[in-house]
Structure formats: structure tokens, C-alpha cells
Amino acid sequence: GGGGSRNSGGHSLRSSLRSLPPSPPPSSALGGLRWASSPSPSPTYLLVGNYGVGNAGDEILREYFLERFPEVQWLVLSAHPRPGELPRLPCGFRSLLSLRWLRTLRALFGSRGLVFGGGSLFTDSESVRACILWGIHAVAAWLFRKPSFLAFQGIGPFRTRVGERIARMVVARAAFISVRDNASSALLQVWKKNTRVIQSFDPSFPLLKANDGYPSSKNLLIIIPKFSTLRLYGGR
């Protein structure tokens, strides 16, 4: 069905949703979402994405959030954390036994919420493990009664029912949803939602333009196309 009218309740950003202009917004707007005023000068949010795995496109997205939204104290979750970052939650026995993720749970408990920051996180086109991994983070946020935000996302395509069901579950409970392409927007029109879907843009492009390529290099430009932006999902 379409979007529900349930109140996602209790979090400071729900009342601050705004419509997104056609062009990329100023740094105060996150894909149509503006940070609400807070007693704390720097509200803390966990930034979740496919960071730390050597994917240039995802690292560009990470830089976008850190550079464009300095009013937020970001705690970045990474597969290979750098100083100041935190490990992702476990999705396997080795990562579970490491217990490093306990620091991440403590940080989530003390934060204002969790932001899935760009990219095509919820797709099983390569592996259903991706949907399981990001679904674990969404469940942890729900258990701690923290809102989760889907910002600049590409949703789908899906090869398995498990992957699609996890994505539907996350979308249904998200406090905010912005997608970066027509295909994702069309797909979510028939999914159950707790809020409206805002179609935004791919935030990597403004950063690429500003830095004349990949943020850490002036001589290398890598553009990785996302499958979900190139085709509609066969009537799904």
C-alpha cells in the first residue's frame, strides 16, 4: 500500500522535513531534511554506509556528509575504521566475536539517530548479505528507539524475497526517506511507508565538481554507475 499516517514520534527531526528544490540544496538541507534546533550545539548522528571497503563512490558520499553538514557531529561506521570512526555492527561470527561493535551500540544509544548516507545500500543485486547487514543496523536503532533516516538512497533491484522484505521493513519504519533516482521513487510508491518519499539527487556529483574529481586526488576521476539508476524494476 501507500504511505501510512502513523506518527513516527519522539525524535527532533520529524517536524523539520522540507520539500527538496530541483537543484542540489544548500549545506543546511539534507536531501529535503533540515536539522531541527537543539539544546546541543552539535547533535550526534551515526552515519552508515559502505565505507572503508575501497569503493571510491562510497568514500565520495562519506566526504559529502562530513563536509556539507558540519553542524552535525557525525560518527562514521566503517568496515575498516580510521581514527575517530566506529566499526559496523556484526554480520558474521568473526565480527561478532571481536566485540568491537559494543562501542558502536554505546554510541548509538547516546546519539540522536542513524542516517543511511547515500548509495544503493538496500539491494541484493550482488549479495543478499548487504540487505542483512544494513537491516541489522536499522533493527538496532529501533531497539534503542532511535529514528533512522534514508538519505539520497537508491533502492533495489532485488533478486531474492529476503532482500526485498528487509528493505520493505526498513522503509516502512524510516522517519525520513529521500531517493536519488526515478526508479527508486517509482518502486517505493507501492511500498508501505511512515513518511512521504522525496526524490532528490546523487550528492556525489556536487562534491566531484567542487573537488575536480575524487576528493583525495586531483588526477583521478572515478565514476561508478549504480544499476538501480539505469533501469526501472520490471513492473515491481
# chains A, B, ... in the order shown; residues from 1 in each chain; ligands from 1
>>> closest_atom_pairs(of="range 135-166 of chain A", to="range 179-197 of chain A", cutoff="9 Å", atoms="only C-alpha atoms", output="tab-separated table")
residue	atom	partner	partner_atom	distance
A:Leu150	CA	A:Val179	CA	7.8
A:Ala151	CA	A:Val179	CA	6.7
A:Phe152	CA	A:Val179	CA	4.7
A:Gln153	CA	A:Val179	CA	4.5
A:Gly154	CA	A:Ser184	CA	5.7
A:Ile155	CA	A:Ser184	CA	5.1
A:Gly156	CA	A:Ser184	CA	7.0
A:Pro157	CA	A:Ser184	CA	8.7
>>> residues_around(residues="Gly110 in chain A", least_positions_apart="6", cutoff="10 Å", atoms="only C-alpha atoms", output="PyMOL selection string")
chain A and resi 44-45+104+144+146
>>> write_last_selection(atoms="N, CA, C and O atoms", output="PDB file, in the first residue's frame")
ATOM      1  N   THR A  44      24.443  14.624  17.574  1.00  0.00           N
ATOM      2  CA  THR A  44      25.246  13.491  17.131  1.00  0.00           C
ATOM      3  C   THR A  44      24.371  12.476  16.408  1.00  0.00           C
ATOM      4  O   THR A  44      23.325  12.066  16.914  1.00  0.00           O
ATOM      5  N   TYR A  45      24.820  12.090  15.210  1.00  0.00           N
ATOM      6  CA  TYR A  45      24.137  11.058  14.432  1.00  0.00           C
ATOM      7  C   TYR A  45      25.165  10.068  13.921  1.00  0.00           C
ATOM      8  O   TYR A  45      26.292  10.438  13.572  1.00  0.00           O
ATOM      9  N   THR A 104      30.016   0.631  19.223  1.00  0.00           N
ATOM     10  CA  THR A 104      29.050   1.199  18.278  1.00  0.00           C
ATOM     11  C   THR A 104      27.659   1.230  18.891  1.00  0.00           C
ATOM     12  O   THR A 104      26.917   2.217  18.728  1.00  0.00           O
ATOM     13  N   PHE A 144      16.740   0.694  20.278  1.00  0.00           N
ATOM     14  CA  PHE A 144      17.122   1.821  21.134  1.00  0.00           C
ATOM     15  C   PHE A 144      16.179   3.012  20.978  1.00  0.00           C
ATOM     16  O   PHE A 144      16.446   4.080  21.523  1.00  0.00           O
ATOM     17  N   LYS A 146      15.654   4.882  18.412  1.00  0.00           N
ATOM     18  CA  LYS A 146      16.291   5.960  17.668  1.00  0.00           C
ATOM     19  C   LYS A 146      15.734   5.981  16.255  1.00  0.00           C
ATOM     20  O   LYS A 146      15.566   4.923  15.635  1.00  0.00           O
TER      21      LYS A 146
END
>>> select_by_dssp(residues="range 8-181 of chain A", states="strand (DSSP E or B)", output="count of residues only")
34
>>> closest_residue(among="A:Leu66, A:Asp124, A:Leu75, A:Arg129", to="Arg103 in chain A", atoms="only C-alpha atoms")
A:Leu75
>>> atom_distance(atom1="CA of Arg68 in chain A", atom2="CA of Ala56 in chain A")
18.0 Å
>>> closest_residue(among="A:Asn55, A:Ser111, A:Ser127, A:Asn50", to="Leu77 in chain A", atoms="only C-alpha atoms")
A:Asn50
>>> closest_residue(among="A:Arg62, A:Arg161, A:Arg168, A:Arg94", to="Gly49 in chain A", atoms="only C-alpha atoms")
A:Arg62
>>> residues_around(residues="Gly52 in chain A", least_positions_apart="6", cutoff="10 Å", atoms="only C-alpha atoms", output="PDB file with all heavy atoms, in the first residue's frame")
ATOM      1  N   ASP A  58      31.546   5.346  -2.709  1.00  0.00           N
ATOM      2  CA  ASP A  58      31.052   5.437  -1.331  1.00  0.00           C
ATOM      3  C   ASP A  58      31.894   6.390  -0.492  1.00  0.00           C
ATOM      4  O   ASP A  58      31.370   7.087   0.384  1.00  0.00           O
ATOM      5  CB  ASP A  58      31.019   4.045  -0.694  1.00  0.00           C
ATOM      6  CG  ASP A  58      29.955   3.159  -1.312  1.00  0.00           C
ATOM      7  OD1 ASP A  58      28.786   3.563  -1.325  1.00  0.00           O
ATOM      8  OD2 ASP A  58      30.301   2.077  -1.806  1.00  0.00           O
ATOM      9  N   GLU A  59      33.191   6.439  -0.744  1.00  0.00           N
ATOM     10  CA  GLU A  59      34.030   7.379   0.003  1.00  0.00           C
ATOM     11  C   GLU A  59      33.699   8.826  -0.361  1.00  0.00           C
ATOM     12  O   GLU A  59      33.781   9.722   0.483  1.00  0.00           O
ATOM     13  CB  GLU A  59      35.510   7.091  -0.268  1.00  0.00           C
ATOM     14  CG  GLU A  59      35.982   5.738   0.234  1.00  0.00           C
ATOM     15  CD  GLU A  59      35.663   5.506   1.713  1.00  0.00           C
ATOM     16  OE1 GLU A  59      35.849   6.445   2.523  1.00  0.00           O
ATOM     17  OE2 GLU A  59      35.219   4.407   2.062  1.00  0.00           O
ATOM     18  N   ARG A  62      30.725   9.685   1.712  1.00  0.00           N
ATOM     19  CA  ARG A  62      31.141   9.946   3.091  1.00  0.00           C
ATOM     20  C   ARG A  62      31.662  11.379   3.222  1.00  0.00           C
ATOM     21  O   ARG A  62      31.302  12.106   4.152  1.00  0.00           O
ATOM     22  CB  ARG A  62      32.222   8.934   3.496  1.00  0.00           C
ATOM     23  CG  ARG A  62      32.858   9.173   4.846  1.00  0.00           C
ATOM     24  CD  ARG A  62      34.031   8.225   5.046  1.00  0.00           C
ATOM     25  NE  ARG A  62      34.752   8.539   6.260  1.00  0.00           N
ATOM     26  CZ  ARG A  62      35.666   9.500   6.371  1.00  0.00           C
ATOM     27  NH1 ARG A  62      35.975  10.244   5.312  1.00  0.00           N
ATOM     28  NH2 ARG A  62      36.270   9.717   7.518  1.00  0.00           N
ATOM     29  N   VAL A  76      31.045   8.086  12.062  1.00  0.00           N
ATOM     30  CA  VAL A  76      31.037   7.264  10.856  1.00  0.00           C
ATOM     31  C   VAL A  76      31.276   5.803  11.222  1.00  0.00           C
ATOM     32  O   VAL A  76      32.212   5.475  11.957  1.00  0.00           O
ATOM     33  CB  VAL A  76      32.125   7.738   9.870  1.00  0.00           C
ATOM     34  CG1 VAL A  76      32.162   6.835   8.640  1.00  0.00           C
ATOM     35  CG2 VAL A  76      31.873   9.189   9.469  1.00  0.00           C
ATOM     36  N   LEU A  77      30.429   4.921  10.684  1.00  0.00           N
ATOM     37  CA  LEU A  77      30.623   3.486  10.846  1.00  0.00           C
ATOM     38  C   LEU A  77      31.309   2.952   9.598  1.00  0.00           C
ATOM     39  O   LEU A  77      30.881   3.231   8.475  1.00  0.00           O
ATOM     40  CB  LEU A  77      29.284   2.775  11.051  1.00  0.00           C
ATOM     41  CG  LEU A  77      28.394   3.267  12.183  1.00  0.00           C
ATOM     42  CD1 LEU A  77      27.258   2.275  12.438  1.00  0.00           C
ATOM     43  CD2 LEU A  77      29.189   3.515  13.452  1.00  0.00           C
ATOM     44  N   SER A  78      32.363   2.192   9.781  1.00  0.00           N
ATOM     45  CA  SER A  78      33.185   1.751   8.661  1.00  0.00           C
ATOM     46  C   SER A  78      33.566   0.288   8.802  1.00  0.00           C
ATOM     47  O   SER A  78      33.682  -0.233   9.911  1.00  0.00           O
ATOM     48  CB  SER A  78      34.453   2.615   8.576  1.00  0.00           C
ATOM     49  OG  SER A  78      35.343   2.133   7.598  1.00  0.00           O
ATOM     50  N   ALA A  79      33.782  -0.367   7.651  1.00  0.00           N
ATOM     51  CA  ALA A  79      34.266  -1.744   7.668  1.00  0.00           C
ATOM     52  C   ALA A  79      35.688  -1.813   8.208  1.00  0.00           C
ATOM     53  O   ALA A  79      36.075  -2.808   8.832  1.00  0.00           O
ATOM     54  CB  ALA A  79      34.202  -2.330   6.258  1.00  0.00           C
ATOM     55  N   HIS A  80      36.470  -0.773   7.975  1.00  0.00           N
ATOM     56  CA  HIS A  80      37.834  -0.665   8.496  1.00  0.00           C
ATOM     57  C   HIS A  80      37.988   0.732   9.091  1.00  0.00           C
ATOM     58  O   HIS A  80      38.450   1.650   8.407  1.00  0.00           O
ATOM     59  CB  HIS A  80      38.868  -0.921   7.397  1.00  0.00           C
ATOM     60  CG  HIS A  80      38.782  -2.298   6.819  1.00  0.00           C
ATOM     61  ND1 HIS A  80      38.026  -2.598   5.698  1.00  0.00           N
ATOM     62  CD2 HIS A  80      39.342  -3.473   7.217  1.00  0.00           C
ATOM     63  CE1 HIS A  80      38.135  -3.887   5.436  1.00  0.00           C
ATOM     64  NE2 HIS A  80      38.927  -4.446   6.341  1.00  0.00           N
ATOM     65  N   PRO A  81      37.590   0.889  10.339  1.00  0.00           N
ATOM     66  CA  PRO A  81      37.527   2.234  10.937  1.00  0.00           C
ATOM     67  C   PRO A  81      38.875   2.936  10.985  1.00  0.00           C
ATOM     68  O   PRO A  81      39.895   2.340  11.344  1.00  0.00           O
ATOM     69  CB  PRO A  81      37.002   1.964  12.355  1.00  0.00           C
ATOM     70  CG  PRO A  81      36.386   0.606  12.302  1.00  0.00           C
ATOM     71  CD  PRO A  81      37.168  -0.153  11.279  1.00  0.00           C
ATOM     72  N   ARG A  82      38.862   4.202  10.621  1.00  0.00           N
ATOM     73  CA  ARG A  82      40.008   5.086  10.808  1.00  0.00           C
ATOM     74  C   ARG A  82      39.896   5.713  12.186  1.00  0.00           C
ATOM     75  O   ARG A  82      38.865   5.565  12.843  1.00  0.00           O
ATOM     76  CB  ARG A  82      40.016   6.151   9.714  1.00  0.00           C
ATOM     77  CG  ARG A  82      40.264   5.607   8.330  1.00  0.00           C
ATOM     78  CD  ARG A  82      40.323   6.722   7.312  1.00  0.00           C
ATOM     79  NE  ARG A  82      39.072   6.864   6.591  1.00  0.00           N
ATOM     80  CZ  ARG A  82      38.880   7.703   5.592  1.00  0.00           C
ATOM     81  NH1 ARG A  82      39.864   8.497   5.206  1.00  0.00           N
ATOM     82  NH2 ARG A  82      37.726   7.773   4.972  1.00  0.00           N
ATOM     83  N   PRO A  87      33.394   0.737  14.251  1.00  0.00           N
ATOM     84  CA  PRO A  87      33.124  -0.432  13.406  1.00  0.00           C
ATOM     85  C   PRO A  87      31.630  -0.606  13.155  1.00  0.00           C
ATOM     86  O   PRO A  87      30.793  -0.182  13.954  1.00  0.00           O
ATOM     87  CB  PRO A  87      33.672  -1.599  14.240  1.00  0.00           C
ATOM     88  CG  PRO A  87      33.598  -1.119  15.655  1.00  0.00           C
ATOM     89  CD  PRO A  87      33.854   0.359  15.603  1.00  0.00           C
TER      90      PRO A  87
END
>>> closest_residue(among="A:Gly84, A:Pro203, A:Gly92, A:Gly135", to="Glu63 in chain A", atoms="only C-alpha atoms")
A:Pro203
>>> closest_residue(among="A:Ala138, A:Leu86, A:Ile198, A:Cys131", to="Ala174 in chain A", atoms="only C-alpha atoms")
A:Ala138
>>> residues_around(residues="Leu114 in chain A", least_positions_apart="6", cutoff="7 Å", atoms="only C-alpha atoms", output="JSON, numbers by chain")
{"A": [45, 46, 47, 141, 147, 148, 149]}
>>> write_last_selection(atoms="all heavy atoms", output="PDB file, in the first residue's frame")
ATOM      1  N   TYR A  45      24.820  12.090  15.210  1.00  0.00           N
ATOM      2  CA  TYR A  45      24.137  11.058  14.432  1.00  0.00           C
ATOM      3  C   TYR A  45      25.165  10.068  13.921  1.00  0.00           C
ATOM      4  O   TYR A  45      26.292  10.438  13.572  1.00  0.00           O
ATOM      5  CB  TYR A  45      23.383  11.667  13.241  1.00  0.00           C
ATOM      6  CG  TYR A  45      22.162  12.448  13.642  1.00  0.00           C
ATOM      7  CD1 TYR A  45      22.262  13.785  13.998  1.00  0.00           C
ATOM      8  CD2 TYR A  45      20.902  11.852  13.672  1.00  0.00           C
ATOM      9  CE1 TYR A  45      21.154  14.512  14.380  1.00  0.00           C
ATOM     10  CE2 TYR A  45      19.780  12.573  14.044  1.00  0.00           C
ATOM     11  CZ  TYR A  45      19.912  13.901  14.402  1.00  0.00           C
ATOM     12  OH  TYR A  45      18.800  14.613  14.782  1.00  0.00           O
ATOM     13  N   LEU A  46      24.785   8.803  13.866  1.00  0.00           N
ATOM     14  CA  LEU A  46      25.628   7.786  13.263  1.00  0.00           C
ATOM     15  C   LEU A  46      25.428   7.801  11.755  1.00  0.00           C
ATOM     16  O   LEU A  46      24.283   7.814  11.276  1.00  0.00           O
ATOM     17  CB  LEU A  46      25.295   6.406  13.815  1.00  0.00           C
ATOM     18  CG  LEU A  46      26.078   5.967  15.068  1.00  0.00           C
ATOM     19  CD1 LEU A  46      25.790   6.910  16.232  1.00  0.00           C
ATOM     20  CD2 LEU A  46      25.739   4.532  15.445  1.00  0.00           C
ATOM     21  N   LEU A  47      26.515   7.808  11.011  1.00  0.00           N
ATOM     22  CA  LEU A  47      26.469   7.805   9.553  1.00  0.00           C
ATOM     23  C   LEU A  47      26.837   6.414   9.058  1.00  0.00           C
ATOM     24  O   LEU A  47      27.957   5.941   9.267  1.00  0.00           O
ATOM     25  CB  LEU A  47      27.433   8.847   8.990  1.00  0.00           C
ATOM     26  CG  LEU A  47      27.478   8.991   7.464  1.00  0.00           C
ATOM     27  CD1 LEU A  47      26.113   9.395   6.915  1.00  0.00           C
ATOM     28  CD2 LEU A  47      28.535  10.002   7.049  1.00  0.00           C
ATOM     29  N   ALA A 141      18.723   0.396  15.769  1.00  0.00           N
ATOM     30  CA  ALA A 141      18.154   1.727  16.007  1.00  0.00           C
ATOM     31  C   ALA A 141      16.744   1.617  16.577  1.00  0.00           C
ATOM     32  O   ALA A 141      16.395   2.343  17.515  1.00  0.00           O
ATOM     33  CB  ALA A 141      18.145   2.535  14.708  1.00  0.00           C
ATOM     34  N   PRO A 147      15.468   7.154  15.721  1.00  0.00           N
ATOM     35  CA  PRO A 147      14.952   7.220  14.344  1.00  0.00           C
ATOM     36  C   PRO A 147      16.036   6.875  13.335  1.00  0.00           C
ATOM     37  O   PRO A 147      17.225   7.131  13.561  1.00  0.00           O
ATOM     38  CB  PRO A 147      14.516   8.683  14.201  1.00  0.00           C
ATOM     39  CG  PRO A 147      15.383   9.428  15.165  1.00  0.00           C
ATOM     40  CD  PRO A 147      15.598   8.497  16.332  1.00  0.00           C
ATOM     41  N   SER A 148      15.630   6.293  12.236  1.00  0.00           N
ATOM     42  CA  SER A 148      16.560   6.024  11.137  1.00  0.00           C
ATOM     43  C   SER A 148      16.112   6.827   9.923  1.00  0.00           C
ATOM     44  O   SER A 148      14.925   6.986   9.669  1.00  0.00           O
ATOM     45  CB  SER A 148      16.610   4.535  10.808  1.00  0.00           C
ATOM     46  OG  SER A 148      15.333   4.043  10.468  1.00  0.00           O
ATOM     47  N   PHE A 149      17.091   7.326   9.178  1.00  0.00           N
ATOM     48  CA  PHE A 149      16.844   8.214   8.047  1.00  0.00           C
ATOM     49  C   PHE A 149      17.506   7.632   6.805  1.00  0.00           C
ATOM     50  O   PHE A 149      18.679   7.262   6.842  1.00  0.00           O
ATOM     51  CB  PHE A 149      17.409   9.611   8.322  1.00  0.00           C
ATOM     52  CG  PHE A 149      16.854  10.254   9.566  1.00  0.00           C
ATOM     53  CD1 PHE A 149      17.431  10.005  10.798  1.00  0.00           C
ATOM     54  CD2 PHE A 149      15.764  11.093   9.496  1.00  0.00           C
ATOM     55  CE1 PHE A 149      16.919  10.582  11.948  1.00  0.00           C
ATOM     56  CE2 PHE A 149      15.250  11.682  10.639  1.00  0.00           C
ATOM     57  CZ  PHE A 149      15.823  11.425  11.868  1.00  0.00           C
TER      58      PHE A 149
END
>>> atom_distance(atom1="CA of Glu164 in chain A", atom2="CA of Leu89 in chain A")
20.5 Å
